[in-house]
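A.B. asks: Dropping a structure here in C-alpha cells format, bear with me for questions.
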Amino acid sequence: MKTIPRRIVTGTKNGKSIIEKDEVVSNVSEHFPGLIISDIWSTDSMPANLSAEKIIENTAFPNTPKNGTYFRYVQIPPDKDLGIVVPVGQPHPLMHQTATLDYIIILSGEIYLIVDEEETLLQAGDIVIQRGTNHAWSNRSEKPCIQLAVLIDAAR
C-alpha cells in the first residue's frame, strides 16, 4: 500500500509551536484495484476547531461533514485497470455530484475532468475549482494520476 507522510504542526509547548505528529498516514484504503485514497484530515465546524482532530473513515466517495471540510489524497489508476468502458453517447459510469466546493490540485500524471457537456485534460500542476457540479475523472493514460483535494461543505 502507498505510504503517505503527514505532518501536523498544531501543538504548542511553553507557548511555542511544535511538530505534534510526523508520521506515515495509516488511514489509506484501496476501494478498487489501484484506486488509493487517504482521507487525511476533516473538520466539522466553521470556523474550524484548531485543537481537535476529527478521525474519519476512508470512503470511495467523500462524505464531507455538515459545515466542515475534507482533505483527501487520491491516486486514480488508468481507466483500463479499473475495467471502465464508456459506451459512445453514454455518460461516464463514475459521474457524480457532491454538495461541496472542491479545490483540487493535480500532483502527477494526467486525467480528464468530464462534465455533462465537455471535458478537459489536466496535468501535473493544474488546479480545478469544482463547484458542486456533475463530473467524473477519466485516466486514459498508462500511469496513475495523483491529486489532492480539499472539499468544503457548500449550499446550493
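By order in the C-alpha cells, chains are A, B, ...; within a chain, residues start at 1; ligands start at 1, following the order shown.
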Once DSSP has gone over the backbone, tell me which residues of chain A are in strand (DSSP E or B), as an NGL selection string.
C.D. replies: :A and (5-8 or 11-13 or 16-18 or 21-24 or 28-32 or 35-43 or 69-76 or 96 or 100-108 or 110-115 or 119-123 or 127-131 or 135-138 or 145-153)
A.B. asks: Write out as a list in words all residues of chain A that backbone DSSP assigns to helix (DSSP H, G or I).
C.D. replies: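 Assigned to helix (DSSP H, G or I), within chain A: Asp79, Lys80, Asp81 and Leu82 of chain A.
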A.B. asks: For Asn134 (chain A), please output as a PyMOL selection string all residues within 6 Å (counting only C-alpha atoms; exclusion window: fewer than 2 positions along the same chain).
C.D. replies: chain A and resi 96-97+115
A.B. asks: Extract, using only C-alpha atoms, all DNA, RNA and protein residues at most 12 Å from Val85 (chain A), discarding same-chain residues fewer than 6 positions from it, and format them as a list in words.
C.D. replies: Pro78, Asp79, Pro91, His92, Pro93, Leu94, Ser138, Asn139 and Arg140 of chain A
A.B. asks: Report the closest atom pair, with its distance in Å rounded to one decimal, for each residue of region 75-109 of chain A that has an atom no farther than 10 Å from region 58-71 of chain A; count only C-alpha atoms, sort by chain and then rising residue number, and write it as a Markdown table.
C.D. replies:
```
| residue | atom | partner | partner_atom | distance |
| --- | --- | --- | --- | --- |
| A:His96 | CA | A:Phe61 | CA | 8.9 |
| A:Gln97 | CA | A:Phe61 | CA | 9.8 |
| A:Thr98 | CA | A:Pro62 | CA | 8.2 |
| A:Ala99 | CA | A:Thr64 | CA | 8.6 |
| A:Thr100 | CA | A:Thr64 | CA | 7.6 |
| A:Leu101 | CA | A:Thr69 | CA | 9.4 |
| A:Asp102 | CA | A:Tyr70 | CA | 9.2 |
| A:Tyr103 | CA | A:Phe71 | CA | 9.5 |
| A:Ile104 | CA | A:Phe71 | CA | 9.9 |
```
A.B. asks: Could you dump the residues just selected with N, CA and C atoms as an mmCIF file, in the first residue's frame?
C.D. replies:
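And here's again-v3.cif as it stands now:
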```
data_model
loop_
_atom_site.group_PDB
_atom_site.id
_atom_site.type_symbol
_atom_site.label_atom_id
_atom_site.label_comp_id
_atom_site.auth_asym_id
_atom_site.auth_seq_id
_atom_site.Cartn_x
_atom_site.Cartn_y
_atom_site.Cartn_z
ATOM 1 N N HIS A 96 -20.609 11.774 -10.912
ATOM 2 C CA HIS A 96 -21.191 12.004 -9.578
ATOM 3 C C HIS A 96 -21.228 13.505 -9.287
ATOM 4 N N GLN A 97 -21.903 13.840 -8.209
ATOM 5 C CA GLN A 97 -22.046 15.227 -7.800
ATOM 6 C C GLN A 97 -22.016 15.277 -6.289
ATOM 7 N N THR A 98 -21.285 16.231 -5.732
ATOM 8 C CA THR A 98 -21.256 16.408 -4.289
ATOM 9 C C THR A 98 -21.698 17.833 -3.967
ATOM 10 N N ALA A 99 -22.248 18.026 -2.798
ATOM 11 C CA ALA A 99 -22.684 19.363 -2.367
ATOM 12 C C ALA A 99 -21.522 20.054 -1.672
ATOM 13 N N THR A 100 -20.423 20.216 -2.438
ATOM 14 C CA THR A 100 -19.210 20.797 -1.877
ATOM 15 C C THR A 100 -18.550 21.740 -2.879
ATOM 16 N N LEU A 101 -17.719 22.619 -2.341
ATOM 17 C CA LEU A 101 -16.799 23.417 -3.133
ATOM 18 C C LEU A 101 -15.464 22.705 -2.999
ATOM 19 N N ASP A 102 -14.879 22.273 -4.128
ATOM 20 C CA ASP A 102 -13.660 21.463 -4.096
ATOM 21 C C ASP A 102 -12.485 22.227 -4.699
ATOM 22 N N TYR A 103 -11.362 22.186 -4.003
ATOM 23 C CA TYR A 103 -10.104 22.704 -4.528
ATOM 24 C C TYR A 103 -9.243 21.478 -4.809
ATOM 25 N N ILE A 104 -8.897 21.248 -6.075
ATOM 26 C CA ILE A 104 -8.187 20.034 -6.472
ATOM 27 C C ILE A 104 -6.903 20.426 -7.184
#
```
A.B. asks: When you count only C-alpha atoms, which of these residues is closest to Tyr112 (chain A): A:Thr3, A:Ser141, A:Asn14, A:Thr43?
C.D. replies: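 The closest residue to Tyr112 (chain A) is A:Ser141.
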A.B. asks: Within 6 Å of region 21-37 of chain A, counting only C-alpha atoms, which residues show up once you throw out same-chain ones fewer than 2 positions away? Write them as a list in words, please.
C.D. replies: Ile4, Pro5, Arg6, Arg7, Ile8, Ile19, Tyr73, Val74, Gln75, Ile76 and Pro77 of chain A
A.B. asks: Identify which of the residues A:Asp126, A:Asp44, A:Glu57, A:Glu117 lies closest to Gln147 (chain A), counting only C-alpha atoms when measuring atom-to-atom distances.
C.D. replies: A:Asp126
A.B. asks: Between A:Pro87, A:Ile105, A:Gly11, A:Ala154, which is the closest to Ala52 (chain A) once you count only C-alpha atoms?
C.D. replies: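 Result for the nearest residue to Ala52 (chain A): A:Gly11.
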A.B. asks: Can you measure CA of Met95 (chain A) to CA of Arg72 (chain A) for me? One decimal in Å is fine.
C.D. replies: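 Pair CA of Met95 (chain A) / CA of Arg72 (chain A) returns 18.6 Å.
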A.B. asks: I'd like the contact shell of Ile106 (chain A) - 7 Å cut-off, only C-alpha atoms, skipping same-chain residues fewer than 3 positions apart - returned as a ChimeraX atom specification.
C.D. replies: /A:123-127,146-148
A.B. asks: Between A:Asp39, A:Glu118, A:Glu53, A:Asp81, single out the one closest to Glu20 (chain A), counting only C-alpha atoms.
C.D. replies: A:Glu53
A.B. asks: Under the rule that only C-alpha atoms are counted, which of A:Leu151, A:Ala136, A:Ile40, A:Cys145 is the nearest residue to Thr120 (chain A)?
C.D. replies: A:Ala136
A.B. asks: In Å, with one decimal, what is the gap from CA of Ser45 (chain A) to CA of Trp137 (chain A)?
C.D. replies: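 One can read the CA of Ser45 (chain A) to CA of Trp137 (chain A) distance as 28.7 Å.
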A.B. asks: Calculate how many Å separate CA of Gly132 (chain A) from CA of Ala48 (chain A), rounding to one decimal.
C.D. replies: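 These atoms are spaced 21.3 Å apart.
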